[in-house]
Amino acid sequence: MNSVTPENARSMTGQGHASLQTDLGTFVVEVRTVNNRGFKCVLRSSDALSAFDSRIESLVRKLIHRGSVNLSVTWKRPSSETLPLIDQQVLGAYFEQLQKAKATFAGDGATIDLAQLAMLPGVVVPRSQDRVDTAEVWQGVEQVIRDAVDSLDQMRAQEGAHMATSLRADCDLIRAHVDQIAELGPRSVDTYQKRLETKIQRVLAQHDIEVPMIDLLREVQIYADRVDYSEEITRLGSHLQLFLQTLSGSAAGSNQAAGGNQAAGGGEAAGDPEPSGRKLEFIVQEMLRETNTIGSKASQTEISGHVVEIKCAIERMRELVQNLE
């Protein structure tokens with residue numbers, strides 16, 4: 001089983017960062033994700049980028065299929081474009097009037113302080129924001145978001161690989177216990193038959209009564225049918241195999257299983273791994289269902305012990321898959 005690779009296991013928890021320097025300024029993105037049953041995006045963006053909020057969230061939804069996402073997108077324009085301007089016409093008008101006043105009232109000895117002039121109303125004005133190409137701005141925003149998500153995915157893939165290793169180990173453990181239960185099944189029927197024969201022979205000897213062997217065998221067969229869990233063993237083995245295939249991204253029909261998520265959240269490139277967490281949760285539920293049935297049918301204490309160990313492993317798996325995308 002360890003030959004299965006965990007390439008499709010990706011944690012929902014992680015963080016990423018990216019920045020991009022262009023002629024338009026500096027774009028910076030920080031993204032953090034935690035586990036969530038669906039997709040949720042909390043976006044904080046610069047005022048100058050508020051018009052792109054819906055496009056940003058749509059892009060993130062395509063790149064991140066599941067989890068709670070906290071995204072910060074900022075755009076800092078070049079300092080030369082943010083400095084205020086000196087209105088030359090207003091300053092010239094002030095200067096011309098002061099020159100006339102100087103000639104009339106103060107003579108040649110008076111001086112005009114330009115620093116004082118700059119403090120007069122209307123001389124220093126905010127720089128008018130030149131119109132920029134929105135397509136070029138979006139190109140920068142999209143690129144830096146993709147870079148940040150790539151950084152995020154690297155962290156989530158590393159954590160997912162560790163989680164997948166633990167999941168595969170639990171699958172191996174469950175398989176070992178299932179094999180033990182499969183070997184103990186026929187023994188329980190034989191033990192019941194011997195115990196039943198002993199009790200019946202004792203009672204018959206006490207009352208001097210004879211019972212046809214066919215009736216005894218019929219009772220044993222009824223018991224065997226009631227405690228037979230061979231179907232559950234087979235289904236549990238199939239679930240284990242499907243779990244490992246889904247974990248590695250090789251399960252047949254995995255695209256259909258994730259189709260609902262893609263319809264809601266969109267899909268990026270066809271080569272991207274489909275999110276497997278939700279499907280793995282369903283498989284774990286089915287594994288627990290089969291295990292509970294085996295436990296209810298088991299009559300031997302030894303089998304019950306194996307069932308308890310399987311349930312513990314399944315519970316560990318359930319907690320892990322809830323944090324897989």
# chains A, B, ... in the order shown; residues from 1 in each chain; ligands from 1
call {"tool": "residues_around", "arguments": {"residues": "Thr111 (chain A)", "least_positions_apart": "4", "cutoff": "12 Å", "atoms": "only C-alpha atoms", "output": "PDB file with C-alpha atoms, in the first residue's frame"}}
result
ATOM      1  CA  PHE A  95       3.851  86.966  -7.040  1.00  0.00           C
ATOM      2  CA  LEU A  98       2.990  91.205  -4.408  1.00  0.00           C
ATOM      3  CA  GLN A  99       5.428  92.826  -6.828  1.00  0.00           C
ATOM      4  CA  ALA A 101       2.254  96.003  -3.764  1.00  0.00           C
ATOM      5  CA  LYS A 102       5.977  96.076  -3.087  1.00  0.00           C
ATOM      6  CA  ALA A 103       6.539  98.848  -5.643  1.00  0.00           C
ATOM      7  CA  ALA A 106       7.573  99.037   0.371  1.00  0.00           C
ATOM      8  CA  GLY A 107      10.053 100.108  -2.247  1.00  0.00           C
ATOM      9  CA  ALA A 115       8.160  79.640   1.071  1.00  0.00           C
ATOM     10  CA  GLN A 116       5.530  81.956   2.480  1.00  0.00           C
ATOM     11  CA  LEU A 117       3.892  82.175  -0.917  1.00  0.00           C
TER      12      LEU A 117
END
call {"tool": "closest_atom_pairs", "arguments": {"of": "region 1-38 of chain A", "to": "region 275-282 of chain A", "cutoff": "12 Å", "atoms": "only C-alpha atoms", "output": "JSON lines"}}
result
{"residue": "A:Pro6", "atom": "CA", "partner": "A:Ser276", "partner_atom": "CA", "distance": 11.0}
{"residue": "A:Glu7", "atom": "CA", "partner": "A:Ser276", "partner_atom": "CA", "distance": 10.7}
{"residue": "A:Asn8", "atom": "CA", "partner": "A:Ser276", "partner_atom": "CA", "distance": 6.9}
{"residue": "A:Ala9", "atom": "CA", "partner": "A:Ser276", "partner_atom": "CA", "distance": 7.0}
{"residue": "A:Arg10", "atom": "CA", "partner": "A:Pro275", "partner_atom": "CA", "distance": 7.9}
{"residue": "A:Ser11", "atom": "CA", "partner": "A:Gly277", "partner_atom": "CA", "distance": 8.8}
{"residue": "A:Met12", "atom": "CA", "partner": "A:Gly277", "partner_atom": "CA", "distance": 9.2}
{"residue": "A:Asn35", "atom": "CA", "partner": "A:Gly277", "partner_atom": "CA", "distance": 10.5}
{"residue": "A:Asn36", "atom": "CA", "partner": "A:Arg278", "partner_atom": "CA", "distance": 10.8}
{"residue": "A:Arg37", "atom": "CA", "partner": "A:Arg278", "partner_atom": "CA", "distance": 8.3}
{"residue": "A:Gly38", "atom": "CA", "partner": "A:Arg278", "partner_atom": "CA", "distance": 9.5}
call {"tool": "write_last_selection", "arguments": {"atoms": "N, CA, C and O atoms", "output": "PDB file, in the first residue's frame"}}
result
ATOM      1  N   PRO A   6       1.202  10.535  -2.331  1.00  0.00           N
ATOM      2  CA  PRO A   6       0.206  11.464  -1.814  1.00  0.00           C
ATOM      3  C   PRO A   6       0.122  12.764  -2.596  1.00  0.00           C
ATOM      4  O   PRO A   6      -0.017  13.822  -2.019  1.00  0.00           O
ATOM      5  N   GLU A   7       0.258  12.729  -3.935  1.00  0.00           N
ATOM      6  CA  GLU A   7       0.339  13.960  -4.698  1.00  0.00           C
ATOM      7  C   GLU A   7      -0.959  14.751  -4.685  1.00  0.00           C
ATOM      8  O   GLU A   7      -0.976  15.926  -5.005  1.00  0.00           O
ATOM      9  N   ASN A   8      -2.086  14.138  -4.347  1.00  0.00           N
ATOM     10  CA  ASN A   8      -3.357  14.833  -4.376  1.00  0.00           C
ATOM     11  C   ASN A   8      -3.772  15.320  -2.999  1.00  0.00           C
ATOM     12  O   ASN A   8      -4.847  15.873  -2.855  1.00  0.00           O
ATOM     13  N   ALA A   9      -2.946  15.105  -1.983  1.00  0.00           N
ATOM     14  CA  ALA A   9      -3.273  15.532  -0.626  1.00  0.00           C
ATOM     15  C   ALA A   9      -2.728  16.928  -0.398  1.00  0.00           C
ATOM     16  O   ALA A   9      -1.522  17.157  -0.488  1.00  0.00           O
ATOM     17  N   ARG A  10      -3.624  17.872  -0.120  1.00  0.00           N
ATOM     18  CA  ARG A  10      -3.203  19.248   0.104  1.00  0.00           C
ATOM     19  C   ARG A  10      -3.975  19.799   1.285  1.00  0.00           C
ATOM     20  O   ARG A  10      -5.206  19.782   1.312  1.00  0.00           O
ATOM     21  N   SER A  11      -3.242  20.281   2.282  1.00  0.00           N
ATOM     22  CA  SER A  11      -3.870  20.803   3.485  1.00  0.00           C
ATOM     23  C   SER A  11      -4.629  22.088   3.173  1.00  0.00           C
ATOM     24  O   SER A  11      -4.305  22.800   2.215  1.00  0.00           O
ATOM     25  N   MET A  12      -5.638  22.382   3.982  1.00  0.00           N
ATOM     26  CA  MET A  12      -6.350  23.647   3.827  1.00  0.00           C
ATOM     27  C   MET A  12      -5.691  24.774   4.627  1.00  0.00           C
ATOM     28  O   MET A  12      -6.107  25.926   4.528  1.00  0.00           O
ATOM     29  N   ASN A  35      -8.966  25.669   7.623  1.00  0.00           N
ATOM     30  CA  ASN A  35      -9.965  24.708   7.150  1.00  0.00           C
ATOM     31  C   ASN A  35     -11.380  25.243   7.320  1.00  0.00           C
ATOM     32  O   ASN A  35     -11.704  25.970   8.252  1.00  0.00           O
ATOM     33  N   ASN A  36     -12.229  24.863   6.394  1.00  0.00           N
ATOM     34  CA  ASN A  36     -13.642  25.236   6.394  1.00  0.00           C
ATOM     35  C   ASN A  36     -14.371  24.248   5.491  1.00  0.00           C
ATOM     36  O   ASN A  36     -13.793  23.740   4.525  1.00  0.00           O
ATOM     37  N   ARG A  37     -15.617  23.949   5.803  1.00  0.00           N
ATOM     38  CA  ARG A  37     -16.348  22.956   5.017  1.00  0.00           C
ATOM     39  C   ARG A  37     -16.560  23.413   3.577  1.00  0.00           C
ATOM     40  O   ARG A  37     -16.586  22.602   2.668  1.00  0.00           O
ATOM     41  N   GLY A  38     -16.704  24.708   3.374  1.00  0.00           N
ATOM     42  CA  GLY A  38     -16.884  25.234   2.026  1.00  0.00           C
ATOM     43  C   GLY A  38     -15.798  26.243   1.699  1.00  0.00           C
ATOM     44  O   GLY A  38     -14.688  26.184   2.230  1.00  0.00           O
TER      45      GLY A  38
END
call {"tool": "closest_residue", "arguments": {"among": "A:Gly67, A:Gly237, A:Gly14, A:Gly122", "to": "Val90 (chain A)", "atoms": "only C-alpha atoms"}}
result
A:Gly122
call {"tool": "residues_around", "arguments": {"residues": "region 137-143 of chain A", "least_positions_apart": "3", "cutoff": "12 Å", "atoms": "only C-alpha atoms", "output": "count of residues only"}}
result
43
call {"tool": "residues_around", "arguments": {"residues": "Asn292 (chain A)", "least_positions_apart": "5", "cutoff": "9 Å", "atoms": "only C-alpha atoms", "output": "compact mmCIF listing (two decimals) with all heavy atoms, in the first residue's frame"}}
result
# COMPACT_ATOMS: atom_id res chain seq x y z
N MET A 287 -16.56 3.68 5.75
CA MET A 287 -15.69 2.73 6.47
C MET A 287 -16.18 2.54 7.90
O MET A 287 -16.20 1.41 8.42
CB MET A 287 -14.25 3.25 6.46
CG MET A 287 -13.59 3.22 5.08
SD MET A 287 -12.03 4.15 5.00
CE MET A 287 -11.08 3.30 6.25
N LYS A 297 -22.16 -7.63 14.78
CA LYS A 297 -22.31 -9.05 14.47
C LYS A 297 -21.31 -9.93 15.21
O LYS A 297 -21.54 -11.14 15.36
CB LYS A 297 -22.15 -9.28 12.95
CG LYS A 297 -23.29 -8.73 12.12
CD LYS A 297 -23.10 -9.10 10.65
CE LYS A 297 -24.29 -8.66 9.81
NZ LYS A 297 -24.16 -9.06 8.39
N VAL A 307 -12.14 -4.48 16.32
CA VAL A 307 -13.08 -3.44 15.88
C VAL A 307 -12.77 -2.11 16.57
O VAL A 307 -12.81 -1.04 15.94
CB VAL A 307 -14.54 -3.88 16.17
CG1 VAL A 307 -15.50 -2.71 15.98
CG2 VAL A 307 -14.92 -5.03 15.24
N LYS A 311 -11.82 1.44 14.76
CA LYS A 311 -12.56 2.69 15.00
C LYS A 311 -11.61 3.81 15.42
O LYS A 311 -11.79 4.97 15.00
CB LYS A 311 -13.63 2.47 16.07
CG LYS A 311 -14.83 1.68 15.59
CD LYS A 311 -15.88 1.60 16.69
CE LYS A 311 -17.12 0.88 16.22
NZ LYS A 311 -18.16 0.82 17.29
call {"tool": "residues_around", "arguments": {"residues": "Glu290 (chain A)", "least_positions_apart": "2", "cutoff": "8 Å", "atoms": "only C-alpha atoms", "output": "PyMOL selection string"}}
result
chain A and resi 232-233+235-236+286-288+292-294
call {"tool": "atom_distance", "arguments": {"atom1": "CA of His17 (chain A)", "atom2": "CA of His162 (chain A)"}}
result
22.3 Å
call {"tool": "closest_residue", "arguments": {"among": "A:Pro121, A:His65, A:Gln285, A:Ala205", "to": "Ala93 (chain A)", "atoms": "only C-alpha atoms"}}
result
A:Pro121
call {"tool": "atom_distance", "arguments": {"atom1": "CA of Leu43 (chain A)", "atom2": "CA of Asp153 (chain A)"}}
result
18.5 Å
call {"tool": "atom_distance", "arguments": {"atom1": "CA of Thr13 (chain A)", "atom2": "CA of Arg316 (chain A)"}}
result
17.7 Å
call {"tool": "closest_residue", "arguments": {"among": "A:Ala110, A:Leu247, A:Val123, A:Cys41", "to": "Arg168 (chain A)", "atoms": "only C-alpha atoms"}}
result
A:Leu247
call {"tool": "decode", "arguments": {"residues": "region 56-92 of chain A", "atoms": "N, CA, C and O atoms", "output": "short mmCIF file (atom, residue, chain, number, x, y, z; two decimals), in the first residue's frame"}}
result
data_model
loop_
_atom_site.label_atom_id
_atom_site.label_comp_id
_atom_site.auth_asym_id
_atom_site.auth_seq_id
_atom_site.Cartn_x
_atom_site.Cartn_y
_atom_site.Cartn_z
N ILE A 56 -11.11 39.79 -8.18
CA ILE A 56 -10.12 39.16 -7.31
C ILE A 56 -10.71 37.94 -6.63
O ILE A 56 -10.10 36.86 -6.61
N GLU A 57 -11.91 38.08 -6.07
CA GLU A 57 -12.53 36.95 -5.39
C GLU A 57 -12.82 35.81 -6.36
O GLU A 57 -12.67 34.64 -6.03
N SER A 58 -13.24 36.16 -7.58
CA SER A 58 -13.50 35.12 -8.59
C SER A 58 -12.22 34.37 -8.92
O SER A 58 -12.22 33.13 -9.06
N LEU A 59 -11.11 35.07 -9.05
CA LEU A 59 -9.83 34.43 -9.34
C LEU A 59 -9.40 33.52 -8.20
O LEU A 59 -8.97 32.38 -8.43
N VAL A 60 -9.53 34.00 -6.96
CA VAL A 60 -9.13 33.20 -5.80
C VAL A 60 -10.00 31.95 -5.70
O VAL A 60 -9.53 30.86 -5.35
N ARG A 61 -11.27 32.09 -6.02
CA ARG A 61 -12.18 30.93 -5.97
C ARG A 61 -11.75 29.85 -6.97
O ARG A 61 -11.93 28.66 -6.73
N LYS A 62 -11.18 30.26 -8.09
CA LYS A 62 -10.70 29.29 -9.08
C LYS A 62 -9.43 28.61 -8.60
O LYS A 62 -9.20 27.43 -8.89
N LEU A 63 -8.59 29.35 -7.89
CA LEU A 63 -7.29 28.82 -7.47
C LEU A 63 -7.37 28.01 -6.18
O LEU A 63 -6.58 27.09 -5.98
N ILE A 64 -8.29 28.38 -5.29
CA ILE A 64 -8.44 27.71 -3.99
C ILE A 64 -9.86 27.19 -3.91
O ILE A 64 -10.81 27.96 -3.88
N HIS A 65 -10.01 25.87 -3.86
CA HIS A 65 -11.34 25.27 -3.98
C HIS A 65 -12.10 25.23 -2.65
O HIS A 65 -13.33 25.25 -2.65
N ARG A 66 -11.39 25.15 -1.55
CA ARG A 66 -12.06 24.89 -0.28
C ARG A 66 -11.24 25.50 0.85
O ARG A 66 -10.02 25.50 0.82
N GLY A 67 -11.93 26.04 1.86
CA GLY A 67 -11.25 26.60 3.01
C GLY A 67 -11.65 28.05 3.23
O GLY A 67 -12.32 28.68 2.39
N SER A 68 -11.25 28.59 4.37
CA SER A 68 -11.49 30.00 4.69
C SER A 68 -10.24 30.79 4.33
O SER A 68 -9.15 30.51 4.86
N VAL A 69 -10.38 31.76 3.44
CA VAL A 69 -9.24 32.48 2.87
C VAL A 69 -9.25 33.93 3.35
O VAL A 69 -10.27 34.62 3.23
N ASN A 70 -8.13 34.38 3.92
CA ASN A 70 -7.93 35.78 4.26
C ASN A 70 -6.89 36.35 3.29
O ASN A 70 -5.74 35.90 3.28
N LEU A 71 -7.33 37.33 2.50
CA LEU A 71 -6.49 37.84 1.41
C LEU A 71 -6.31 39.35 1.55
O LEU A 71 -7.29 40.08 1.72
N SER A 72 -5.07 39.79 1.48
CA SER A 72 -4.75 41.22 1.51
C SER A 72 -4.04 41.58 0.22
O SER A 72 -3.01 40.98 -0.13
N VAL A 73 -4.59 42.57 -0.51
CA VAL A 73 -4.01 43.01 -1.78
C VAL A 73 -3.79 44.52 -1.71
O VAL A 73 -4.75 45.28 -1.51
N THR A 74 -2.54 44.96 -1.84
CA THR A 74 -2.23 46.38 -1.78
C THR A 74 -1.49 46.81 -3.04
O THR A 74 -0.77 46.02 -3.66
N TRP A 75 -1.68 48.07 -3.38
CA TRP A 75 -1.01 48.66 -4.55
C TRP A 75 -0.46 50.02 -4.13
O TRP A 75 -1.21 50.93 -3.79
N LYS A 76 0.86 50.15 -4.17
CA LYS A 76 1.53 51.41 -3.83
C LYS A 76 2.11 51.99 -5.10
O LYS A 76 3.05 51.44 -5.68
N ARG A 77 1.58 53.13 -5.50
CA ARG A 77 2.05 53.77 -6.72
C ARG A 77 3.38 54.46 -6.48
O ARG A 77 3.76 54.76 -5.34
N PRO A 78 4.16 54.74 -7.54
CA PRO A 78 5.46 55.41 -7.38
C PRO A 78 5.32 56.74 -6.64
O PRO A 78 4.33 57.47 -6.83
N SER A 79 6.30 57.06 -5.80
CA SER A 79 6.22 58.28 -4.98
C SER A 79 6.13 59.53 -5.85
O SER A 79 5.51 60.53 -5.47
N SER A 80 6.74 59.48 -7.04
CA SER A 80 6.70 60.66 -7.92
C SER A 80 5.28 60.97 -8.37
O SER A 80 4.99 62.10 -8.76
N GLU A 81 4.41 59.99 -8.31
CA GLU A 81 3.03 60.19 -8.75
C GLU A 81 2.12 60.59 -7.60
O GLU A 81 0.95 60.91 -7.83
N THR A 82 2.62 60.56 -6.38
CA THR A 82 1.78 60.87 -5.23
C THR A 82 2.11 62.20 -4.59
O THR A 82 1.37 62.68 -3.73
N LEU A 83 3.26 62.83 -4.98
CA LEU A 83 3.61 64.13 -4.40
C LEU A 83 2.65 65.21 -4.88
O LEU A 83 2.21 65.19 -6.04
N PRO A 84 2.34 66.19 -4.02
CA PRO A 84 1.46 67.30 -4.45
C PRO A 84 2.18 68.19 -5.46
O PRO A 84 3.42 68.19 -5.58
N LEU A 85 1.42 69.00 -6.19
CA LEU A 85 1.96 69.89 -7.22
C LEU A 85 1.85 71.35 -6.78
O LEU A 85 0.97 71.72 -6.00
N ILE A 86 2.73 72.17 -7.31
CA ILE A 86 2.64 73.63 -7.12
C ILE A 86 1.99 74.22 -8.36
O ILE A 86 2.49 74.05 -9.48
N ASP A 87 0.89 74.89 -8.16
CA ASP A 87 0.16 75.49 -9.28
C ASP A 87 0.91 76.75 -9.70
O ASP A 87 0.87 77.79 -9.02
N GLN A 88 1.62 76.65 -10.82
CA GLN A 88 2.47 77.75 -11.26
C GLN A 88 1.65 79.00 -11.57
O GLN A 88 2.09 80.14 -11.31
N GLN A 89 0.48 78.85 -12.12
CA GLN A 89 -0.33 80.01 -12.47
C GLN A 89 -0.78 80.76 -11.22
O GLN A 89 -0.72 82.00 -11.16
N VAL A 90 -1.25 80.01 -10.22
CA VAL A 90 -1.68 80.65 -8.98
C VAL A 90 -0.50 81.33 -8.30
O VAL A 90 -0.60 82.47 -7.81
N LEU A 91 0.65 80.61 -8.25
CA LEU A 91 1.83 81.20 -7.62
C LEU A 91 2.26 82.47 -8.36
O LEU A 91 2.63 83.49 -7.74
N GLY A 92 2.21 82.42 -9.72
CA GLY A 92 2.59 83.61 -10.51
C GLY A 92 1.66 84.77 -10.25
O GLY A 92 2.10 85.95 -10.20
#
